[in-house]
file upload_8.pdb (PDB, C-alpha atoms)
ATOM      1  CA  MET A   1     -38.932-108.506  87.924
ATOM      2  CA  PRO A   2     -40.865-111.657  86.683
ATOM      3  CA  SER A   3     -39.097-113.848  84.250
ATOM      4  CA  MET A   4     -40.234-113.982  80.651
ATOM      5  CA  THR A   5     -40.950-117.096  78.649
ATOM      6  CA  ASN A   6     -41.014-117.577  74.946
ATOM      7  CA  ALA A   7     -44.783-117.367  75.119
ATOM      8  CA  SER A   8     -45.161-114.187  77.029
ATOM      9  CA  ASN A   9     -43.492-110.814  77.438
ATOM     10  CA  GLN A  10     -42.384-109.051  80.618
ATOM     11  CA  TRP A  11     -45.961-108.046  81.480
ATOM     12  CA  GLY A  12     -47.249-111.602  81.194
ATOM     13  CA  GLN A  13     -48.993-111.086  77.912
ATOM     14  CA  PRO A  14     -48.778-113.781  75.211
ATOM     15  CA  ARG A  15     -46.312-113.103  72.426
ATOM     16  CA  SER A  16     -47.468-113.092  68.864
ATOM     17  CA  THR A  17     -44.289-114.755  67.728
ATOM     18  CA  PRO A  18     -42.752-117.387  69.973
ATOM     19  CA  ILE A  19     -39.064-117.168  70.657
ATOM     20  CA  PRO A  20     -37.264-120.253  69.343
ATOM     21  CA  GLY A  21     -36.163-122.497  72.136
ATOM     22  CA  GLY A  22     -38.034-123.008  75.316
ATOM     23  CA  GLU A  23     -35.700-121.261  77.693
ATOM     24  CA  PRO A  24     -36.767-118.327  79.743
ATOM     25  CA  VAL A  25     -35.504-115.049  78.438
ATOM     26  CA  ALA A  26     -33.506-113.060  80.973
ATOM     27  CA  ALA A  27     -33.886-109.298  81.278
ATOM     28  CA  PRO A  28     -31.197-107.366  79.525
ATOM     29  CA  PRO A  29     -28.547-106.103  81.887
ATOM     30  CA  ASP A  30     -28.163-102.458  82.961
ATOM     31  CA  LEU A  31     -31.756-101.408  82.097
ATOM     32  CA  GLY A  32     -32.715-100.558  85.661
ATOM     33  CA  THR A  33     -36.154-100.764  87.148
ATOM     34  CA  PRO A  34     -38.985 -99.206  85.105
ATOM     35  CA  MET A  35     -41.159 -96.503  86.679
ATOM     36  CA  THR A  36     -44.558 -97.445  88.016
ATOM     37  CA  PRO A  37     -47.606 -95.395  86.862
ATOM     38  CA  SER A  38     -47.762 -93.678  90.254
ATOM     39  CA  GLN A  39     -44.090 -92.702  90.027
ATOM     40  CA  PHE A  40     -44.582 -91.319  86.491
ATOM     41  CA  ILE A  41     -47.623 -89.266  87.554
ATOM     42  CA  GLY A  42     -45.955 -88.020  90.726
ATOM     43  CA  GLY A  43     -42.834 -86.945  88.970
ATOM     44  CA  GLY A  44     -40.731 -89.526  90.676
ATOM     45  CA  GLN A  45     -37.228 -90.330  89.683
ATOM     46  CA  THR A  46     -36.415 -93.353  87.675
ATOM     47  CA  PRO A  47     -33.966 -95.568  89.495
ATOM     48  CA  GLN A  48     -30.578 -95.048  87.982
ATOM     49  CA  ALA A  49     -29.217 -97.792  85.894
ATOM     50  CA  PRO A  50     -25.727 -98.885  86.661
ATOM     51  CA  MET A  51     -23.065 -96.977  84.764
ATOM     52  CA  GLY A  52     -21.713 -98.878  81.879
ATOM     53  CA  THR A  53     -19.877 -98.355  78.669
ATOM     54  CA  PRO A  54     -22.001 -96.043  76.480
ATOM     55  CA  PRO A  55     -22.971 -97.427  73.127
ATOM     56  CA  PRO A  56     -21.294 -95.925  70.078
ATOM     57  CA  MET A  57     -22.989 -92.773  68.774
ATOM     58  CA  THR A  58     -24.059 -92.607  65.194
ATOM     59  CA  GLY A  59     -25.466 -89.845  63.039
ATOM     60  CA  MET A  60     -24.554 -86.189  63.265
ATOM     61  CA  PRO A  61     -22.570 -85.393  66.414
ATOM     62  CA  TYR A  62     -23.932 -81.899  66.953
ATOM     63  CA  GLY A  63     -27.487 -80.666  66.585
ATOM     64  CA  GLN A  64     -29.342 -81.524  63.475
ATOM     65  CA  ALA A  65     -28.969 -80.681  59.864
ATOM     66  CA  PRO A  66     -31.616 -78.414  58.339
ATOM     67  CA  GLY A  67     -34.619 -80.440  57.297
ATOM     68  CA  MET A  68     -33.491 -83.547  59.197
ATOM     69  CA  GLY A  69     -34.328 -84.878  62.595
ATOM     70  CA  GLY A  70     -31.410 -84.776  64.946
ATOM     71  CA  ILE A  71     -30.397 -86.737  67.962
ATOM     72  CA  PRO A  72     -32.687 -85.779  70.843
ATOM     73  CA  GLY A  73     -30.981 -83.859  73.588
ATOM     74  CA  MET A  74     -28.024 -82.846  71.464
ATOM     75  CA  GLY A  75     -27.442 -79.093  71.147
ATOM     76  CA  GLY A  76     -25.171 -77.009  68.995
ATOM     77  CA  ILE A  77     -21.449 -76.577  69.438
ATOM     78  CA  PRO A  78     -20.827 -74.744  72.743
ATOM     79  CA  GLY A  79     -19.945 -71.066  72.272
ATOM     80  CA  MET A  80     -21.190 -70.921  68.690
ATOM     81  CA  GLY A  81     -24.284 -68.959  67.756
ATOM     82  CA  GLY A  82     -26.695 -69.863  65.063
ATOM     83  CA  MET A  83     -30.084 -71.332  64.534
ATOM     84  CA  PRO A  84     -31.403 -73.555  67.301
ATOM     85  CA  GLY A  85     -30.123 -77.040  66.861
ATOM     86  CA  ALA A  86     -27.715 -76.077  64.096
ATOM     87  CA  GLY A  87     -24.106 -77.039  64.463
ATOM     88  CA  PHE A  88     -22.559 -74.179  62.437
ATOM     89  CA  PRO A  89     -22.454 -70.425  63.142
ATOM     90  CA  SER A  90     -24.744 -68.245  61.059
ATOM     91  CA  THR A  91     -24.591 -64.893  62.863
ATOM     92  CA  ARG A  92     -24.018 -62.036  60.299
ATOM     93  CA  ARG A  93     -21.080 -59.733  60.922
ATOM     94  CA  ARG A  94     -22.131 -56.196  61.781
ATOM     95  CA  ARG A  95     -20.914 -53.513  59.353
ATOM     96  CA  ASN A  96     -18.214 -51.254  60.771
ATOM     97  CA  ILE A  97     -19.614 -47.745  60.046
ATOM     98  CA  GLY A  98     -16.559 -45.973  61.457
ATOM     99  CA  GLY A  99     -14.243 -47.916  59.198
ATOM    100  CA  THR A 100     -16.381 -47.117  56.150
ATOM    101  CA  ILE A 101     -16.307 -43.394  56.946
ATOM    102  CA  PHE A 102     -12.538 -43.530  57.414
ATOM    103  CA  VAL A 103     -12.043 -45.243  54.040
ATOM    104  CA  TRP A 104     -14.188 -42.674  52.222
ATOM    105  CA  ALA A 105     -12.407 -39.842  54.009
ATOM    106  CA  MET A 106      -9.050 -41.176  52.843
ATOM    107  CA  ILE A 107     -10.372 -41.515  49.276
ATOM    108  CA  LEU A 108     -11.649 -37.945  49.285
ATOM    109  CA  LEU A 109      -8.420 -36.636  50.784
ATOM    110  CA  THR A 110      -6.430 -38.498  48.145
ATOM    111  CA  LEU A 111      -8.565 -37.132  45.333
ATOM    112  CA  GLY A 112      -8.319 -33.667  46.854
ATOM    113  CA  GLY A 113      -4.552 -33.993  47.049
ATOM    114  CA  VAL A 114      -4.422 -35.051  43.424
ATOM    115  CA  GLY A 115      -6.604 -32.064  42.479
ATOM    116  CA  VAL A 116      -4.376 -29.671  44.402
ATOM    117  CA  GLY A 117      -1.310 -31.198  42.801
ATOM    118  CA  VAL A 118      -2.767 -30.815  39.308
ATOM    119  CA  TRP A 119      -3.828 -27.245  40.045
ATOM    120  CA  ALA A 120      -0.360 -26.415  41.399
ATOM    121  CA  ALA A 121       1.274 -27.931  38.313
ATOM    122  CA  VAL A 122      -0.992 -25.974  35.955
ATOM    123  CA  LYS A 123      -0.433 -22.810  37.978
ATOM    124  CA  GLY A 124       3.311 -23.369  37.893
ATOM    125  CA  VAL A 125       3.283 -23.815  34.127
ATOM    126  CA  SER A 126       1.148 -20.694  33.719
ATOM    127  CA  THR A 127       3.466 -18.677  35.967
ATOM    128  CA  ALA A 128       6.512 -19.892  34.057
ATOM    129  CA  ASN A 129       4.870 -19.000  30.753
ATOM    130  CA  ASP A 130       3.960 -15.539  32.049
ATOM    131  CA  ALA A 131       7.520 -14.980  33.238
ATOM    132  CA  THR A 132       8.887 -16.059  29.868
ATOM    133  CA  GLU A 133       6.487 -13.782  28.023
ATOM    134  CA  ARG A 134       7.398 -10.866  30.280
ATOM    135  CA  ALA A 135      11.106 -11.484  29.727
ATOM    136  CA  ASN A 136      10.554 -11.585  25.976
ATOM    137  CA  GLN A 137       8.656  -8.295  26.025
ATOM    138  CA  LEU A 138      11.306  -6.614  28.153
ATOM    139  CA  SER A 139      14.066  -7.754  25.822
ATOM    140  CA  ASP A 140      12.190  -6.625  22.713
ATOM    141  CA  PRO A 141      12.544  -2.827  22.282
ATOM    142  CA  HIS A 142       9.313  -2.564  20.309
ATOM    143  CA  LEU A 143       5.688  -2.329  21.337
ATOM    144  CA  SER A 144       4.009  -5.685  21.859
ATOM    145  CA  ASN A 145       0.427  -6.567  21.068
ATOM    146  CA  ASP A 146      -0.332  -6.188  24.787
ATOM    147  CA  ASP A 147       1.203  -2.702  24.763
ATOM    148  CA  ARG A 148      -0.870  -1.661  21.781
ATOM    149  CA  THR A 149      -3.993  -3.079  23.356
ATOM    150  CA  ALA A 150      -3.339  -1.214  26.616
ATOM    151  CA  LEU A 151      -2.929   2.056  24.712
ATOM    152  CA  GLY A 152      -5.786   1.417  22.299
ATOM    153  CA  LEU A 153      -3.505   1.510  19.261
ATOM    154  CA  THR A 154      -4.680  -0.202  16.080
ATOM    155  CA  GLY A 155      -2.146   0.965  13.498
ATOM    156  CA  GLY A 156       0.535  -1.627  14.158
ATOM    157  CA  GLU A 157       2.840   0.977  15.776
ATOM    158  CA  GLN A 158       6.277  -0.401  16.679
ATOM    159  CA  ASN A 159       7.410   2.588  18.757
ATOM    160  CA  LEU A 160       5.621   5.104  20.966
ATOM    161  CA  TRP A 161       6.495   8.006  18.635
ATOM    162  CA  GLU A 162       4.682   6.421  15.720
ATOM    163  CA  GLY A 163       1.063   7.203  14.839
ATOM    164  CA  GLU A 164      -1.041   7.977  17.928
ATOM    165  CA  GLY A 165       1.496   6.429  20.329
ATOM    166  CA  MET A 166       2.603   9.611  22.158
ATOM    167  CA  ALA A 167      -0.911  11.058  22.338
ATOM    168  CA  ARG A 168      -2.307   7.839  23.858
ATOM    169  CA  MET A 169       0.616   7.532  26.261
ATOM    170  CA  ALA A 170       0.190  11.116  27.485
ATOM    171  CA  ALA A 171      -3.547  10.500  27.985
ATOM    172  CA  VAL A 172      -2.829   7.413  30.114
ATOM    173  CA  PHE A 173      -0.524   9.442  32.383
ATOM    174  CA  ASP A 174      -3.080  12.230  32.639
ATOM    175  CA  ALA A 175      -5.795   9.770  33.670
ATOM    176  CA  SER A 176      -3.580   7.870  36.138
ATOM    177  CA  ILE A 177      -1.893  10.766  37.998
ATOM    178  CA  ALA A 178      -3.693  13.112  40.389
ATOM    179  CA  GLY A 179      -4.671  16.534  39.140
ATOM    180  CA  GLU A 180      -7.493  18.010  37.039
ATOM    181  CA  PRO A 181      -5.719  18.379  34.704
ATOM    182  CA  THR A 182      -2.415  16.858  35.689
ATOM    183  CA  ASN A 183       0.492  19.282  35.715
ATOM    184  CA  PHE A 184       3.646  17.789  34.219
ATOM    185  CA  THR A 185       7.165  19.105  34.310
ATOM    186  CA  GLN A 186       8.466  16.442  31.924
ATOM    187  CA  ILE A 187       7.331  13.462  29.806
ATOM    188  CA  THR A 188       9.919  11.226  28.158
ATOM    189  CA  PHE A 189       9.072   8.624  25.507
ATOM    190  CA  TYR A 190      11.223   5.578  24.729
ATOM    191  CA  SER A 191      10.407   2.969  22.128
ATOM    192  CA  ASP A 192       8.106   0.829  24.340
ATOM    193  CA  TYR A 193       8.084   2.547  27.745
ATOM    194  CA  SER A 194       7.737   6.043  29.156
ATOM    195  CA  PHE A 195       8.320   8.233  32.236
ATOM    196  CA  ALA A 196       6.489  11.302  33.502
ATOM    197  CA  ILE A 197       7.309  13.776  36.284
ATOM    198  CA  ALA A 198       4.245  15.490  37.703
ATOM    199  CA  GLN A 199       3.514  18.127  40.327
ATOM    200  CA  HIS A 200       1.579  17.198  43.454
ATOM    201  CA  PRO A 201      -1.903  18.751  43.130
ATOM    202  CA  THR A 202      -1.852  20.346  46.611
ATOM    203  CA  VAL A 203       1.882  20.717  47.331
ATOM    204  CA  PRO A 204       3.294  22.903  44.507
ATOM    205  CA  ASN A 205       6.990  22.205  45.086
ATOM    206  CA  GLN A 206       6.569  18.428  45.422
ATOM    207  CA  LEU A 207       7.306  16.303  42.359
ATOM    208  CA  ASP A 208       6.923  12.555  41.681
ATOM    209  CA  GLN A 209       8.040  10.363  38.815
ATOM    210  CA  TYR A 210       5.812   7.675  37.276
ATOM    211  CA  GLY A 211       6.839   4.915  34.898
ATOM    212  CA  TRP A 212       4.787   2.975  32.331
ATOM    213  CA  ARG A 213       5.781  -0.360  30.882
ATOM    214  CA  LEU A 214       3.929  -3.488  29.773
ATOM    215  CA  GLY A 215       0.645  -1.620  30.002
ATOM    216  CA  VAL A 216       0.959  -0.576  33.646
ATOM    217  CA  VAL A 217       1.651   2.759  35.370
ATOM    218  CA  ASP A 218       4.006   2.181  38.298
ATOM    219  CA  PRO A 219       3.629   3.753  41.764
ATOM    220  CA  PRO A 220       5.244   7.187  42.154
ATOM    221  CA  THR A 221       8.912   7.703  42.969
ATOM    222  CA  PRO A 222       9.590  10.892  44.966
ATOM    223  CA  GLN A 223      11.791  13.530  43.318
ATOM    224  CA  SER A 224      13.673  16.422  44.886
ATOM    225  CA  ASN A 225      11.465  19.328  45.855
ATOM    226  CA  ASP A 226      11.680  22.255  43.444
ATOM    227  CA  ASP A 227      10.340  25.658  44.408
ATOM    228  CA  ASP A 228      10.394  26.636  40.741
ATOM    229  CA  ALA A 229       8.030  23.774  39.800
ATOM    230  CA  PRO A 230       4.946  26.057  39.358
ATOM    231  CA  ASN A 231       6.802  27.837  36.515
ATOM    232  CA  MET A 232       7.839  24.589  34.833
ATOM    233  CA  VAL A 233       4.535  22.744  34.515
ATOM    234  CA  PHE A 234       2.426  22.125  31.401
ATOM    235  CA  THR A 235      -0.634  20.058  30.475
ATOM    236  CA  ILE A 236      -0.957  17.512  27.700
ATOM    237  CA  ASP A 237      -3.418  19.633  25.726
ATOM    238  CA  GLN A 238      -0.665  22.196  25.144
ATOM    239  CA  VAL A 239       1.168  19.830  22.783
ATOM    240  CA  ASN A 240       0.178  18.853  19.246
ATOM    241  CA  TRP A 241       1.154  15.205  19.544
ATOM    242  CA  SER A 242       0.314  14.291  15.962
ATOM    243  CA  ALA A 243       2.543  17.089  14.626
ATOM    244  CA  ILE A 244       5.411  15.923  16.873
ATOM    245  CA  ALA A 245       4.990  12.367  15.520
ATOM    246  CA  GLY A 246       5.236  13.766  11.972
ATOM    247  CA  VAL A 247       8.572  15.442  12.769
ATOM    248  CA  ALA A 248       9.858  12.233  14.405
ATOM    249  CA  ALA A 249       9.155  10.321  11.198
ATOM    250  CA  GLN A 250      11.534  12.708   9.347
ATOM    251  CA  ALA A 251      14.232  12.833  12.028
ATOM    252  CA  ASN A 252      16.953  11.069  10.027
ATOM    253  CA  SER A 253      16.571  13.267   6.985
ATOM    254  CA  LEU A 254      16.393  16.446   9.078
ATOM    255  CA  LEU A 255      19.658  15.526  10.795
ATOM    256  CA  GLY A 256      21.334  14.001   7.750
ATOM    257  CA  ILE A 257      21.894  10.684   9.504
ATOM    258  CA  THR A 258      20.989   7.896   7.128
ATOM    259  CA  ASP A 259      21.291   4.969   9.546
ATOM    260  CA  GLY A 260      20.061   6.718  12.686
ATOM    261  CA  GLU A 261      17.333   5.603  15.088
ATOM    262  CA  ILE A 262      15.406   7.670  17.614
ATOM    263  CA  SER A 263      16.543   6.800  21.108
ATOM    264  CA  HIS A 264      13.952   8.924  22.980
ATOM    265  CA  ILE A 265      11.818  12.072  22.849
ATOM    266  CA  MET A 266      11.621  14.505  25.780
ATOM    267  CA  VAL A 267       8.920  17.122  26.385
ATOM    268  CA  ASP A 268       9.400  19.845  29.021
ATOM    269  CA  LYS A 269       9.952  23.520  29.670
ATOM    270  CA  GLY A 270      13.708  23.750  29.393
ATOM    271  CA  ILE A 271      15.794  26.476  30.979
ATOM    272  CA  PHE A 272      16.399  27.981  27.547
ATOM    273  CA  SER A 273      12.793  27.698  26.317
ATOM    274  CA  ASP A 274      11.581  31.080  27.601
ATOM    275  CA  GLY A 275       8.748  29.363  29.417
ATOM    276  CA  ASN A 276       7.438  27.547  26.358
ATOM    277  CA  VAL A 277       6.929  23.826  26.010
ATOM    278  CA  THR A 278       9.764  22.342  23.950
ATOM    279  CA  VAL A 279      10.148  18.900  22.368
ATOM    280  CA  ARG A 280      13.563  17.374  21.721
ATOM    281  CA  ILE A 281      13.929  14.363  19.450
ATOM    282  CA  TYR A 282      17.194  12.473  19.997
ATOM    283  CA  VAL A 283      18.696  10.348  17.209
ATOM    284  CA  THR A 284      21.715   8.055  17.399
ATOM    285  CA  SER A 285      23.653   5.765  15.054
ATOM    286  CA  PRO A 286      27.016   3.976  15.029
ATOM    287  CA  ARG A 287      28.567   6.930  13.082
ATOM    288  CA  ALA A 288      26.725  10.004  14.294
ATOM    289  CA  SER A 289      24.092  11.379  16.669
ATOM    290  CA  GLY A 290      22.081  14.555  17.180
ATOM    291  CA  TYR A 291      18.708  15.965  18.207
ATOM    292  CA  ILE A 292      15.949  18.174  16.820
ATOM    293  CA  GLU A 293      14.307  20.921  18.841
ATOM    294  CA  VAL A 294      10.620  21.313  18.058
ATOM    295  CA  ALA A 295       7.959  23.677  19.348
ATOM    296  CA  ALA A 296       4.824  22.288  20.944
ATOM    297  CA  ASP A 297       2.863  22.879  17.728
ATOM    298  CA  GLY A 298       5.354  20.817  15.666
ATOM    299  CA  THR A 299       7.453  23.654  14.282
ATOM    300  CA  VAL A 300      11.104  22.647  13.917
ATOM    301  CA  LEU A 301      13.175  25.196  15.857
ATOM    302  CA  ALA A 302      16.705  23.840  15.415
ATOM    303  CA  THR A 303      18.829  20.812  14.786
ATOM    304  CA  TYR A 304      21.969  19.865  16.658
TER     305      TYR A 304
END
call {"tool": "encode", "arguments": {"input": "upload_8.pdb", "output": "structure tokens"}}
result
Amino acid sequence: MPSMTNASNQWGQPRSTPIPGGEPVAAPPDLGTPMTPSQFIGGGQTPQAPMGTPPPMTGMPYGQAPGMGGIPGMGGIPGMGGMPGAGFPSTRRRRNIGGTIFVWAMILLTLGGVGVGVWAAVKGVSTANDATERANQLSDPHLSNDDRTALGLTGGEQNLWEGEGMARMAAVFDASIAGEPTNFTQITFYSDYSFAIAQHPTVPNQLDQYGWRLGVVDPPTPQSNDDDAPNMVFTIDQVNWSAIAGVAAQANSLLGITDGEISHIMVDKGIFSDGNVTVRIYVTSPRASGYIEVAADGTVLATY
């Protein structure tokens, strides 16, 4: 390489500004030999400069900041995605669809569980209230509003033998038990419940008992077969129910029992009735008791 003077550069051209001092300027160390034009065009390799201590690096160590020129040849941080030349990751996290579905499923299941729990609590309260109401009605010997509604009574009757109580009760049995009309061997009325024994419509000696309470006719209970049943049956239209209710209202005075109460009324064809329908009204009190025998049309036959 030719030496440089203070009047010329390394290519022998005159310098515009002389270097102070007249000494030749030596080439800087470790720069290597520059490529010739033919080597540059032919893709030749630049002779390697001797390895030396690298100069200190300044500026941003990785890539380049947005909007700023970076250090040529410097890439991003290895293993980190992002924009070309950027030194910080910018890849967006993909949404986990399965996790989202699972979260919503758990929310729905929780809400459903809460709904079921609320429903069960309400149902439990309702059941408890119904049980309490039923217990109260069973312990009260008088007709309830539900009883009157079931029988279609509107006169505020407290017992079945008041007003239209017996007539409506007999009609319910007739409509609920097989037979056109139903053949009964006995109907018994208590204050707020009743029983009826009826003949099977196709098996003459077969009898079943039915109960009514709280507005419902119970399933039949088999009774002992009776070959004499065809001679013991009657229908509800053979009894003047209003006339029987009138006699029941006078039961205490007819029996001379001032503090008596009717315990029950029984309608049947008794063994001493000569085949006629007979009604017996039973009265009881702490001091005395008795009953009145009445014909089906309401005629008082006897008192006992």
call {"tool": "resolve_selection", "arguments": {"input": "upload_8.pdb", "expression": "the PyMOL selection byres ((chain A and resi 297) around 9)", "output": "MDAnalysis selection string"}}
result
chainID A and resid 238:241 243:244 294:296 298:299
call {"tool": "residues_around", "arguments": {"input": "upload_8.pdb", "residues": "segment 222-232 of chain A", "least_positions_apart": "4", "cutoff": "6 Å", "atoms": "all atoms listed in the file", "output": "list in words"}}
result
Thr185, Asn205, Gln206, Leu207, Asp208 and Lys269 of chain A
call {"tool": "residues_near_point", "arguments": {"input": "upload_8.pdb", "point": "(-5.9, -0.4, 21.7)", "cutoff": "12 Å", "atoms": "all atoms listed in the file", "output": "list in words"}}
result
Leu143, Ser144, Asn145, Asp146, Asp147, Arg148, Thr149, Ala150, Leu151, Gly152, Leu153, Thr154, Gly155, Gly156, Glu157, Glu164, Gly165, Arg168, Met169, Val172 and Gly215 of chain A
call {"tool": "residues_around", "arguments": {"input": "upload_8.pdb", "residues": "segment 182-184 of chain A", "least_positions_apart": "4", "cutoff": "7 Å", "atoms": "all atoms listed in the file", "output": "PDB file with C-alpha atoms, in the coordinates of the input"}}
result
ATOM      1  CA  ASP A 174      -3.080  12.230  32.639  1.00  0.00           C
ATOM      2  CA  ILE A 177      -1.893  10.766  37.998  1.00  0.00           C
ATOM      3  CA  ALA A 178      -3.693  13.112  40.389  1.00  0.00           C
ATOM      4  CA  ILE A 197       7.309  13.776  36.284  1.00  0.00           C
ATOM      5  CA  ALA A 198       4.245  15.490  37.703  1.00  0.00           C
ATOM      6  CA  GLN A 199       3.514  18.127  40.327  1.00  0.00           C
ATOM      7  CA  VAL A 233       4.535  22.744  34.515  1.00  0.00           C
ATOM      8  CA  PHE A 234       2.426  22.125  31.401  1.00  0.00           C
ATOM      9  CA  THR A 235      -0.634  20.058  30.475  1.00  0.00           C
TER      10      THR A 235
END
call {"tool": "atom_distance", "arguments": {"input": "upload_8.pdb", "atom1": "atom CA of Val300 of chain A", "atom2": "atom CA of Val247 of chain A"}}
result
7.7 Å
call {"tool": "closest_residue", "arguments": {"input": "upload_8.pdb", "among": "A:Phe189, A:Trp104, A:Phe173, A:Tyr304", "to": "Val267 of chain A", "atoms": "all atoms listed in the file"}}
result
A:Phe189
call {"tool": "atom_distance", "arguments": {"input": "upload_8.pdb", "atom1": "atom CA of Val279 of chain A", "atom2": "atom CA of Gly246 of chain A"}}
result
12.6 Å
call {"tool": "residues_around", "arguments": {"input": "upload_8.pdb", "residues": "Phe195 of chain A", "least_positions_apart": "5", "cutoff": "9 Å", "atoms": "only C-alpha atoms", "output": "list in words"}}
result
Phe173, Gln186, Ile187, Thr188, Phe189, Tyr190, Gln209, Tyr210, Gly211 and Trp212 of chain A
call {"tool": "resolve_selection", "arguments": {"input": "upload_8.pdb", "expression": "the PyMOL selection byres ((chain A and resi 281) around 10)", "output": "PDB file with C-alpha atoms, keeping the file's coordinate frame"}}
result
ATOM      1  CA  TRP A 161       6.495   8.006  18.635  1.00  0.00           C
ATOM      2  CA  PHE A 189       9.072   8.624  25.507  1.00  0.00           C
ATOM      3  CA  ILE A 244       5.411  15.923  16.873  1.00  0.00           C
ATOM      4  CA  ALA A 245       4.990  12.367  15.520  1.00  0.00           C
ATOM      5  CA  VAL A 247       8.572  15.442  12.769  1.00  0.00           C
ATOM      6  CA  ALA A 248       9.858  12.233  14.405  1.00  0.00           C
ATOM      7  CA  ALA A 251      14.232  12.833  12.028  1.00  0.00           C
ATOM      8  CA  ILE A 262      15.406   7.670  17.614  1.00  0.00           C
ATOM      9  CA  SER A 263      16.543   6.800  21.108  1.00  0.00           C
ATOM     10  CA  HIS A 264      13.952   8.924  22.980  1.00  0.00           C
ATOM     11  CA  ILE A 265      11.818  12.072  22.849  1.00  0.00           C
ATOM     12  CA  MET A 266      11.621  14.505  25.780  1.00  0.00           C
ATOM     13  CA  VAL A 267       8.920  17.122  26.385  1.00  0.00           C
ATOM     14  CA  VAL A 279      10.148  18.900  22.368  1.00  0.00           C
ATOM     15  CA  ARG A 280      13.563  17.374  21.721  1.00  0.00           C
ATOM     16  CA  TYR A 282      17.194  12.473  19.997  1.00  0.00           C
ATOM     17  CA  VAL A 283      18.696  10.348  17.209  1.00  0.00           C
ATOM     18  CA  GLY A 290      22.081  14.555  17.180  1.00  0.00           C
ATOM     19  CA  TYR A 291      18.708  15.965  18.207  1.00  0.00           C
ATOM     20  CA  ILE A 292      15.949  18.174  16.820  1.00  0.00           C
ATOM     21  CA  GLU A 293      14.307  20.921  18.841  1.00  0.00           C
ATOM     22  CA  VAL A 294      10.620  21.313  18.058  1.00  0.00           C
ATOM     23  CA  THR A 303      18.829  20.812  14.786  1.00  0.00           C
TER      24      THR A 303
END
call {"tool": "atom_distance", "arguments": {"input": "upload_8.pdb", "atom1": "atom CA of Pro220 of chain A", "atom2": "atom CA of Glu261 of chain A"}}
result
29.7 Å
call {"tool": "closest_residue", "arguments": {"input": "upload_8.pdb", "among": "A:Met166, A:Ala288, A:Val277, A:Leu214", "to": "Ser242 of chain A", "atoms": "only C-alpha atoms"}}
result
A:Met166
call {"tool": "closest_residue", "arguments": {"input": "upload_8.pdb", "among": "A:Ile257, A:Leu160, A:Ile97, A:Val103", "to": "Ser191 of chain A", "atoms": "only C-alpha atoms"}}
result
A:Leu160
